file input_29.cif (mmCIF, C-alpha atoms)
data_model
loop_
_atom_site.group_PDB
_atom_site.id
_atom_site.type_symbol
_atom_site.label_atom_id
_atom_site.label_comp_id
_atom_site.auth_asym_id
_atom_site.auth_seq_id
_atom_site.Cartn_x
_atom_site.Cartn_y
_atom_site.Cartn_z
ATOM 1 C CA MET A 1 12.177 2.980 -13.351
ATOM 2 C CA LEU A 2 11.428 3.008 -9.640
ATOM 3 C CA PRO A 3 10.030 -0.147 -8.043
ATOM 4 C CA VAL A 4 6.288 0.155 -7.373
ATOM 5 C CA ALA A 5 4.587 -0.267 -4.008
ATOM 6 C CA ILE A 6 0.803 -0.341 -3.552
ATOM 7 C CA VAL A 7 -0.410 0.571 -0.054
ATOM 8 C CA THR A 8 -3.967 0.303 1.275
ATOM 9 C CA GLY A 9 -5.207 2.274 4.263
ATOM 10 C CA ALA A 10 -2.570 4.870 3.435
ATOM 11 C CA THR A 11 -4.538 7.873 4.689
ATOM 12 C CA GLY A 12 -4.535 6.475 8.239
ATOM 13 C CA ALA A 13 -1.760 7.104 10.747
ATOM 14 C CA ILE A 14 0.207 3.889 10.236
ATOM 15 C CA GLY A 15 -0.502 3.645 6.519
ATOM 16 C CA HIS A 16 0.689 7.209 5.976
ATOM 17 C CA ALA A 17 3.931 6.407 7.795
ATOM 18 C CA ILE A 18 4.418 3.185 5.808
ATOM 19 C CA THR A 19 3.927 5.115 2.586
ATOM 20 C CA ARG A 20 6.364 7.839 3.606
ATOM 21 C CA GLN A 21 9.047 5.341 4.610
ATOM 22 C CA LEU A 22 8.695 3.509 1.296
ATOM 23 C CA ALA A 23 8.800 6.793 -0.626
ATOM 24 C CA VAL A 24 12.122 7.816 0.926
ATOM 25 C CA ARG A 25 13.488 4.400 -0.098
ATOM 26 C CA ASP A 26 12.909 5.393 -3.723
ATOM 27 C CA PHE A 27 9.698 3.515 -4.392
ATOM 28 C CA GLU A 28 6.963 4.792 -6.597
ATOM 29 C CA VAL A 29 4.047 4.530 -4.196
ATOM 30 C CA VAL A 30 0.350 4.311 -5.073
ATOM 31 C CA LEU A 31 -2.200 4.844 -2.321
ATOM 32 C CA LEU A 32 -5.507 3.013 -2.711
ATOM 33 C CA CYS A 33 -8.157 5.302 -1.228
ATOM 34 C CA ARG A 34 -11.938 5.316 -1.153
ATOM 35 C CA ASP A 35 -12.113 9.119 -0.891
ATOM 36 C CA ARG A 36 -10.334 10.939 -3.706
ATOM 37 C CA ALA A 37 -10.018 14.238 -1.802
ATOM 38 C CA ARG A 38 -8.385 12.568 1.208
ATOM 39 C CA GLY A 39 -6.124 10.587 -1.075
ATOM 40 C CA GLU A 40 -4.972 13.621 -3.026
ATOM 41 C CA SER A 41 -4.371 15.547 0.201
ATOM 42 C CA ALA A 42 -2.235 12.676 1.527
ATOM 43 C CA VAL A 43 -0.303 12.528 -1.752
ATOM 44 C CA ALA A 44 0.491 16.251 -1.598
ATOM 45 C CA ALA A 45 1.676 15.974 2.006
ATOM 46 C CA LEU A 46 3.838 12.942 1.212
ATOM 47 C CA LYS A 47 5.455 14.620 -1.782
ATOM 48 C CA ASP A 48 6.300 17.648 0.361
ATOM 49 C CA ALA A 49 7.701 15.467 3.147
ATOM 50 C CA THR A 50 9.806 13.173 0.963
ATOM 51 C CA GLY A 51 10.662 15.078 -2.212
ATOM 52 C CA ASN A 52 9.511 12.002 -4.127
ATOM 53 C CA GLU A 53 7.250 13.076 -6.981
ATOM 54 C CA ARG A 54 6.335 9.474 -7.878
ATOM 55 C CA ILE A 55 3.503 9.230 -5.371
ATOM 56 C CA GLY A 56 -0.087 8.947 -6.508
ATOM 57 C CA CYS A 57 -3.465 7.590 -5.532
ATOM 58 C CA ALA A 58 -6.215 5.503 -7.083
ATOM 59 C CA VAL A 59 -9.835 5.436 -5.960
ATOM 60 C CA VAL A 60 -10.789 1.925 -4.853
ATOM 61 C CA ASP A 61 -13.539 0.860 -2.458
ATOM 62 C CA LEU A 62 -11.789 -2.063 -0.799
ATOM 63 C CA SER A 63 -15.045 -3.382 0.638
ATOM 64 C CA LEU A 64 -16.197 -4.200 -2.900
ATOM 65 C CA GLY A 65 -14.836 -7.050 -4.960
ATOM 66 C CA ALA A 66 -15.952 -5.298 -8.135
ATOM 67 C CA SER A 67 -13.912 -2.193 -7.287
ATOM 68 C CA ILE A 68 -10.789 -4.261 -6.558
ATOM 69 C CA ALA A 69 -11.231 -6.212 -9.801
ATOM 70 C CA ALA A 70 -11.643 -3.004 -11.799
ATOM 71 C CA PHE A 71 -8.417 -1.562 -10.379
ATOM 72 C CA ALA A 72 -6.465 -4.752 -11.058
ATOM 73 C CA ALA A 73 -7.797 -4.965 -14.609
ATOM 74 C CA GLN A 74 -6.541 -1.505 -15.537
ATOM 75 C CA TRP A 75 -3.116 -1.830 -13.835
ATOM 76 C CA ASP A 76 -0.688 -3.515 -16.222
ATOM 77 C CA ARG A 77 2.723 -2.573 -14.805
ATOM 78 C CA PRO A 78 4.846 -4.785 -12.521
ATOM 79 C CA ILE A 79 4.322 -4.335 -8.771
ATOM 80 C CA GLN A 80 7.230 -5.088 -6.430
ATOM 81 C CA VAL A 81 5.384 -4.602 -3.114
ATOM 82 C CA LEU A 82 1.766 -4.781 -1.955
ATOM 83 C CA VAL A 83 1.067 -3.671 1.619
ATOM 84 C CA ASN A 84 -2.416 -4.628 2.801
ATOM 85 C CA ASN A 85 -3.009 -2.254 5.688
ATOM 86 C CA ALA A 86 -6.629 -1.040 5.395
ATOM 87 C CA VAL A 87 -8.751 -1.637 8.487
ATOM 88 C CA ILE A 88 -12.016 -0.433 9.986
ATOM 89 C CA ALA A 89 -13.877 -1.187 13.216
ATOM 90 C CA PRO A 90 -17.488 0.078 13.158
ATOM 91 C CA THR A 91 -19.303 -0.162 16.480
ATOM 92 C CA GLU A 92 -22.471 -1.472 14.830
ATOM 93 C CA ARG A 93 -22.901 -4.162 12.205
ATOM 94 C CA LYS A 94 -22.849 -2.647 8.734
ATOM 95 C CA GLU A 95 -22.749 -4.132 5.265
ATOM 96 C CA SER A 96 -20.935 -3.197 2.085
ATOM 97 C CA ALA A 97 -22.840 -2.358 -1.076
ATOM 98 C CA GLU A 98 -22.364 -6.034 -1.984
ATOM 99 C CA GLY A 99 -24.155 -7.100 1.212
ATOM 100 C CA ILE A 100 -21.087 -8.339 3.121
ATOM 101 C CA GLU A 101 -20.452 -7.414 6.752
ATOM 102 C CA LEU A 102 -18.117 -4.448 6.556
ATOM 103 C CA GLN A 103 -15.237 -5.570 8.780
ATOM 104 C CA TRP A 104 -15.093 -8.939 7.032
ATOM 105 C CA ALA A 105 -15.279 -7.289 3.617
ATOM 106 C CA THR A 106 -12.614 -4.663 4.340
ATOM 107 C CA ASN A 107 -10.282 -6.224 6.885
ATOM 108 C CA VAL A 108 -10.185 -9.736 5.408
ATOM 109 C CA LEU A 109 -11.587 -10.041 1.910
ATOM 110 C CA SER A 110 -9.810 -6.925 0.606
ATOM 111 C CA TYR A 111 -6.421 -8.374 1.622
ATOM 112 C CA TYR A 112 -7.251 -11.713 0.044
ATOM 113 C CA ARG A 113 -8.888 -10.376 -3.102
ATOM 114 C CA LEU A 114 -6.304 -7.690 -3.813
ATOM 115 C CA ALA A 115 -3.373 -10.085 -3.548
ATOM 116 C CA GLU A 116 -5.114 -12.613 -5.785
ATOM 117 C CA ALA A 117 -6.156 -9.974 -8.323
ATOM 118 C CA LEU A 118 -2.688 -8.416 -8.508
ATOM 119 C CA LEU A 119 -0.759 -11.702 -8.617
ATOM 120 C CA PRO A 120 -0.021 -11.369 -12.363
ATOM 121 C CA GLN A 121 1.476 -7.896 -11.826
ATOM 122 C CA LEU A 122 3.412 -9.065 -8.768
ATOM 123 C CA ALA A 123 4.726 -12.055 -10.722
ATOM 124 C CA LYS A 124 5.951 -9.719 -13.468
ATOM 125 C CA ALA A 125 8.155 -8.013 -10.854
ATOM 126 C CA ALA A 126 9.364 -11.207 -9.169
ATOM 127 C CA PRO A 127 10.881 -11.360 -6.690
ATOM 128 C CA ALA A 128 7.950 -9.425 -5.221
ATOM 129 C CA ARG A 129 6.396 -9.210 -1.769
ATOM 130 C CA VAL A 130 2.980 -8.998 -0.118
ATOM 131 C CA VAL A 131 2.859 -7.679 3.449
ATOM 132 C CA ASN A 132 -0.333 -8.189 5.438
ATOM 133 C CA VAL A 133 -0.633 -5.863 8.420
ATOM 134 C CA ALA A 134 -2.397 -8.060 10.951
ATOM 135 C CA SER A 135 -2.181 -7.832 14.751
ATOM 136 C CA TYR A 136 -1.148 -9.717 17.851
ATOM 137 C CA TRP A 137 -4.700 -9.029 19.072
ATOM 138 C CA ALA A 138 -6.302 -11.871 17.144
ATOM 139 C CA GLY A 139 -8.692 -14.745 17.765
ATOM 140 C CA ASP A 140 -12.407 -15.615 17.977
ATOM 141 C CA LEU A 141 -12.673 -16.655 14.319
ATOM 142 C CA GLU A 142 -15.977 -18.344 13.545
ATOM 143 C CA ILE A 143 -15.642 -19.787 10.056
ATOM 144 C CA ASN A 144 -19.303 -20.772 9.938
ATOM 145 C CA ASP A 145 -20.502 -17.275 10.799
ATOM 146 C CA PRO A 146 -17.786 -14.754 9.843
ATOM 147 C CA GLU A 147 -20.319 -12.019 9.080
ATOM 148 C CA PHE A 148 -22.228 -12.215 12.389
ATOM 149 C CA ARG A 149 -25.442 -13.249 10.700
ATOM 150 C CA ARG A 150 -26.272 -15.687 13.509
ATOM 151 C CA ARG A 151 -24.140 -14.294 16.311
ATOM 152 C CA ARG A 152 -24.770 -10.921 17.862
ATOM 153 C CA TYR A 153 -22.313 -8.481 16.299
ATOM 154 C CA ASP A 154 -19.426 -7.472 18.530
ATOM 155 C CA GLN A 155 -16.936 -4.863 17.291
ATOM 156 C CA HIS A 156 -13.965 -6.358 19.120
ATOM 157 C CA ARG A 157 -14.693 -9.962 18.160
ATOM 158 C CA ALA A 158 -15.157 -8.904 14.533
ATOM 159 C CA TYR A 159 -11.791 -7.142 14.583
ATOM 160 C CA ARG A 160 -9.990 -10.007 16.324
ATOM 161 C CA GLN A 161 -11.343 -12.646 13.970
ATOM 162 C CA ALA A 162 -10.317 -10.507 10.995
ATOM 163 C CA LYS A 163 -6.741 -10.307 12.245
ATOM 164 C CA GLN A 164 -6.688 -14.066 12.865
ATOM 165 C CA ALA A 165 -7.968 -14.607 9.334
ATOM 166 C CA ASN A 166 -5.243 -12.322 7.930
ATOM 167 C CA ARG A 167 -2.591 -14.464 9.580
ATOM 168 C CA MET A 168 -4.138 -17.754 8.424
ATOM 169 C CA LEU A 169 -4.666 -16.597 4.834
ATOM 170 C CA THR A 170 -1.053 -15.414 4.718
ATOM 171 C CA VAL A 171 -0.016 -19.059 5.027
ATOM 172 C CA VAL A 172 -2.159 -20.345 2.175
ATOM 173 C CA GLN A 173 -1.380 -17.472 -0.184
ATOM 174 C CA ALA A 174 2.341 -17.802 0.560
ATOM 175 C CA GLU A 175 2.179 -21.387 -0.674
ATOM 176 C CA ARG A 176 0.054 -20.504 -3.685
ATOM 177 C CA PHE A 177 2.231 -17.548 -4.732
ATOM 178 C CA GLU A 178 5.654 -19.116 -4.135
ATOM 179 C CA PRO A 179 5.956 -20.618 -7.656
ATOM 180 C CA TYR A 180 5.498 -17.108 -9.057
ATOM 181 C CA GLY A 181 8.372 -15.641 -7.032
ATOM 182 C CA VAL A 182 6.042 -13.740 -4.693
ATOM 183 C CA THR A 183 6.401 -13.922 -0.901
ATOM 184 C CA VAL A 184 3.570 -13.262 1.563
ATOM 185 C CA ASN A 185 4.176 -12.418 5.220
ATOM 186 C CA ALA A 186 2.077 -10.960 8.039
ATOM 187 C CA CYS A 187 2.977 -8.731 10.955
ATOM 188 C CA HIS A 188 1.759 -6.764 13.913
ATOM 189 C CA SER A 189 2.615 -3.140 13.292
ATOM 190 C CA GLY A 190 2.284 -1.318 16.601
ATOM 191 C CA ASP A 191 0.051 0.333 19.180
ATOM 192 C CA VAL A 192 -0.580 3.878 18.013
ATOM 193 C CA HIS A 193 -2.967 6.693 18.899
ATOM 194 C CA SER A 194 -5.082 6.465 15.746
ATOM 195 C CA ALA A 195 -8.666 6.554 14.545
ATOM 196 C CA LEU A 196 -8.705 2.757 14.702
ATOM 197 C CA SER A 197 -7.377 2.465 18.250
ATOM 198 C CA HIS A 198 -9.801 5.128 19.417
ATOM 199 C CA ALA A 199 -12.684 3.351 17.685
ATOM 200 C CA LEU A 200 -11.763 0.206 19.609
ATOM 201 C CA GLY A 201 -11.485 2.137 22.862
ATOM 202 C CA PHE A 202 -7.700 1.961 23.188
ATOM 203 C CA GLY A 203 -4.882 4.457 23.296
ATOM 204 C CA GLY A 204 -1.361 3.747 22.115
ATOM 205 C CA HIS A 205 2.250 4.245 23.137
ATOM 206 C CA GLU A 206 4.070 4.127 19.790
ATOM 207 C CA THR A 207 4.434 6.701 17.045
ATOM 208 C CA PRO A 208 3.141 5.922 13.537
ATOM 209 C CA ASP A 209 6.757 5.787 12.325
ATOM 210 C CA GLN A 210 7.623 3.216 14.973
ATOM 211 C CA ALA A 211 4.600 1.153 13.978
ATOM 212 C CA ALA A 212 5.590 1.323 10.305
ATOM 213 C CA VAL A 213 9.062 -0.144 10.890
ATOM 214 C CA THR A 214 8.100 -3.827 10.746
ATOM 215 C CA PRO A 215 5.842 -3.636 7.649
ATOM 216 C CA VAL A 216 8.457 -1.594 5.776
ATOM 217 C CA TRP A 217 11.231 -3.962 6.879
ATOM 218 C CA LEU A 218 9.226 -6.904 5.537
ATOM 219 C CA ALA A 219 8.740 -5.020 2.279
ATOM 220 C CA THR A 220 12.388 -4.071 1.771
ATOM 221 C CA GLU A 221 14.878 -6.091 3.844
ATOM 222 C CA PRO A 222 17.164 -7.990 1.418
ATOM 223 C CA SER A 223 17.708 -10.916 3.797
ATOM 224 C CA LEU A 224 13.966 -11.686 3.712
ATOM 225 C CA ALA A 225 13.804 -12.207 -0.051
ATOM 226 C CA GLN A 226 13.010 -15.923 0.343
ATOM 227 C CA THR A 227 11.059 -15.718 3.610
ATOM 228 C CA THR A 228 7.364 -16.436 3.179
ATOM 229 C CA GLY A 229 4.296 -17.528 5.130
ATOM 230 C CA ARG A 230 5.600 -16.172 8.440
ATOM 231 C CA TYR A 231 4.336 -13.808 11.144
ATOM 232 C CA PHE A 232 6.426 -11.003 12.712
ATOM 233 C CA GLU A 233 6.281 -8.570 15.612
ATOM 234 C CA HIS A 234 8.828 -5.789 16.191
ATOM 235 C CA VAL A 235 11.085 -7.024 13.333
ATOM 236 C CA LYS A 236 11.250 -10.520 14.794
ATOM 237 C CA GLU A 237 9.579 -13.701 13.635
ATOM 238 C CA VAL A 238 7.046 -14.979 16.186
ATOM 239 C CA PRO A 239 5.398 -18.420 16.155
ATOM 240 C CA CYS A 240 1.786 -18.066 15.038
ATOM 241 C CA PRO A 241 -0.649 -20.456 16.745
ATOM 242 C CA PHE A 242 -3.121 -20.033 13.887
ATOM 243 C CA ALA A 243 -0.636 -21.178 11.227
ATOM 244 C CA THR A 244 -0.535 -24.841 12.243
ATOM 245 C CA ASP A 245 -4.182 -25.843 11.792
ATOM 246 C CA ARG A 246 -3.993 -26.832 8.137
ATOM 247 C CA ALA A 247 -7.567 -28.074 7.899
ATOM 248 C CA ARG A 248 -8.958 -24.836 9.271
ATOM 249 C CA ILE A 249 -6.737 -22.741 7.018
ATOM 250 C CA ALA A 250 -7.964 -24.692 3.993
ATOM 251 C CA ALA A 251 -11.562 -24.252 5.111
ATOM 252 C CA LEU A 252 -11.070 -20.489 5.506
ATOM 253 C CA ASP A 253 -9.483 -20.308 2.064
ATOM 254 C CA GLN A 254 -12.560 -21.958 0.587
ATOM 255 C CA VAL A 255 -14.877 -19.605 2.458
ATOM 256 C CA CYS A 256 -13.045 -16.600 1.055
ATOM 257 C CA ARG A 257 -12.978 -18.043 -2.455
ATOM 258 C CA GLY A 258 -16.726 -18.453 -2.176
ATOM 259 C CA TYR A 259 -17.120 -14.680 -2.211
ATOM 260 C CA GLY A 260 -15.359 -14.465 -5.563
ATOM 261 C CA VAL A 261 -11.884 -13.119 -6.288
#

call {"tool": "encode", "arguments": {"input": "input_29.cif", "output": "structure tokens"}}
result
Amino acid sequence: MLPVAIVTGATGAIGHAITRQLAVRDFEVVLLCRDRARGESAVAALKDATGNERIGCAVVDLSLGASIAAFAAQWDRPIQVLVNNAVIAPTERKESAEGIELQWATNVLSYYRLAEALLPQLAKAAPARVVNVASYWAGDLEINDPEFRRRRYDQHRAYRQAKQANRMLTVVQAERFEPYGVTVNACHSGDVHSALSHALGFGGHETPDQAAVTPVWLATEPSLAQTTGRYFEHVKEVPCPFATDRARIAALDQVCRGYGV
């Protein structure tokens, strides 16, 4: 049996490259996609590119806790790797069908909820790994108003606070998951010409395959089997200024738990 990797945001430029690099390393890879047609098209392209027939997709709306819970409830096989990579950056404030601001729901809560929901399946495969694709462009987190209900919505601030939250929640989940033999690490992937970078008004100087190197390394490198709760850029550990404020991390954990997992 091939080890199983679950990848979110796999129809995007970086996610597609992450999936392809895992597939050529003999993983069975499952793409979590909101749009079935896009997912199936990506699966066909990946099978052609890699020769790996154990690539599939599942329809999950990552902005919805109910959709994540439904997927986790029907998946009963061990999972060796979970790569949380899905990200959006709408220019205007939008809400999910559950009434949660869309960047917070997708870029933060989906990472948190999916890891929590799949912990039993990850534990079955222990040692297993969770990789959170965050960013070096992070900050501006407002724990008391993460959904911009009081503040005026700003696309860039919403994105930056989401990436800060990813890095902070990596620390708390690493500690919570360690007894189960599951590591959790975060990384910056890379600066790529992609739908996301264009939405944020940026370009990019790296290829998707270059950007995928660090997430895939965190998912597969044997020497990192015991490494957890850390942040990486360009296959190097980097001190994370958000990882030292234990009180704030605990407060953020409670905020996220308040949405339900």

call {"tool": "resolve_selection", "arguments": {"input": "input_29.cif", "expression": "the PyMOL selection byres ((chain A and resi 89-106) around 8)", "output": "ChimeraX atom specification"}}
result
/A:62-64,86-88,107-111,146-148,153-156,158-159,162,196,199-200

call {"tool": "atom_distance", "arguments": {"input": "input_29.cif", "atom1": "CA of Val81 (chain A)", "atom2": "CA of Val133 (chain A)"}}
result
13.1 Å

call {"tool": "resolve_selection", "arguments": {"input": "input_29.cif", "expression": "the PyMOL selection byres ((chain A and resi 116) around 10)", "output": "tab-separated table (two decimals) with C-alpha atoms, keeping the file's coordinate frame"}}
result
chain	number	residue	atom	x	y	z
A	69	ALA	CA	-11.23	-6.21	-9.80
A	72	ALA	CA	-6.46	-4.75	-11.06
A	110	SER	CA	-9.81	-6.92	0.61
A	111	TYR	CA	-6.42	-8.37	1.62
A	112	TYR	CA	-7.25	-11.71	0.04
A	113	ARG	CA	-8.89	-10.38	-3.10
A	114	LEU	CA	-6.30	-7.69	-3.81
A	115	ALA	CA	-3.37	-10.09	-3.55
A	117	ALA	CA	-6.16	-9.97	-8.32
A	118	LEU	CA	-2.69	-8.42	-8.51
A	119	LEU	CA	-0.76	-11.70	-8.62
A	120	PRO	CA	-0.02	-11.37	-12.36
A	122	LEU	CA	3.41	-9.06	-8.77
A	173	GLN	CA	-1.38	-17.47	-0.18
A	176	ARG	CA	0.05	-20.50	-3.68
A	177	PHE	CA	2.23	-17.55	-4.73
A	261	VAL	CA	-11.88	-13.12	-6.29

call {"tool": "residues_around", "arguments": {"input": "input_29.cif", "residues": "Val24 (chain A)", "least_positions_apart": "5", "cutoff": "10 Å", "atoms": "only C-alpha atoms", "output": "ChimeraX atom specification"}}
result
/A:19,46-47,49-52

call {"tool": "residues_around", "arguments": {"input": "input_29.cif", "residues": "Ala37 (chain A)", "least_positions_apart": "6", "cutoff": "12 Å", "atoms": "only C-alpha atoms", "output": "list in words"}}
result
Thr11, Val43, Ala44, Cys57, Ala58 and Val59 of chain A

call {"tool": "decode", "arguments": {"input": "input_29.cif", "residues": "region 62-79 of chain A", "atoms": "N, CA and C atoms", "output": "short mmCIF file (atom, residue, chain, number, x, y, z; two decimals), in the first residue's frame"}}
result
data_model
loop_
_atom_site.label_atom_id
_atom_site.label_comp_id
_atom_site.auth_asym_id
_atom_site.auth_seq_id
_atom_site.Cartn_x
_atom_site.Cartn_y
_atom_site.Cartn_z
N LEU A 62 -13.82 23.87 1.79
CA LEU A 62 -12.99 24.08 2.97
C LEU A 62 -13.41 25.28 3.80
N SER A 63 -14.29 26.12 3.27
CA SER A 63 -14.79 27.24 4.06
C SER A 63 -15.87 26.82 5.02
N LEU A 64 -16.31 25.56 4.94
CA LEU A 64 -17.43 25.08 5.74
C LEU A 64 -16.99 23.97 6.69
N GLY A 65 -17.20 24.18 7.97
CA GLY A 65 -16.87 23.16 8.94
C GLY A 65 -17.65 21.87 8.70
N ALA A 66 -18.89 22.01 8.28
CA ALA A 66 -19.72 20.82 8.04
C ALA A 66 -19.16 19.97 6.91
N SER A 67 -18.63 20.61 5.87
CA SER A 67 -18.07 19.88 4.73
C SER A 67 -16.79 19.15 5.14
N ILE A 68 -15.95 19.81 5.93
CA ILE A 68 -14.73 19.18 6.43
C ILE A 68 -15.07 17.99 7.32
N ALA A 69 -16.04 18.16 8.21
CA ALA A 69 -16.44 17.08 9.11
C ALA A 69 -16.99 15.89 8.34
N ALA A 70 -17.76 16.16 7.29
CA ALA A 70 -18.33 15.08 6.49
C ALA A 70 -17.24 14.28 5.79
N PHE A 71 -16.23 14.98 5.26
CA PHE A 71 -15.12 14.27 4.61
C PHE A 71 -14.37 13.41 5.62
N ALA A 72 -14.05 13.98 6.77
CA ALA A 72 -13.30 13.24 7.78
C ALA A 72 -14.08 12.02 8.28
N ALA A 73 -15.38 12.15 8.37
CA ALA A 73 -16.20 11.05 8.89
C ALA A 73 -16.22 9.85 7.95
N GLN A 74 -16.11 10.12 6.65
CA GLN A 74 -16.18 9.00 5.70
C GLN A 74 -14.80 8.44 5.34
N TRP A 75 -13.72 9.11 5.77
CA TRP A 75 -12.37 8.63 5.46
C TRP A 75 -11.86 7.81 6.63
N ASP A 76 -11.67 6.51 6.44
CA ASP A 76 -11.26 5.66 7.55
C ASP A 76 -9.88 5.05 7.40
N ARG A 77 -9.15 5.40 6.34
CA ARG A 77 -7.81 4.84 6.15
C ARG A 77 -6.75 5.73 6.79
N PRO A 78 -5.59 5.17 7.13
CA PRO A 78 -4.49 5.99 7.66
C PRO A 78 -4.04 7.04 6.65
N ILE A 79 -3.61 8.18 7.17
CA ILE A 79 -3.09 9.28 6.36
C ILE A 79 -1.70 9.61 6.87
#
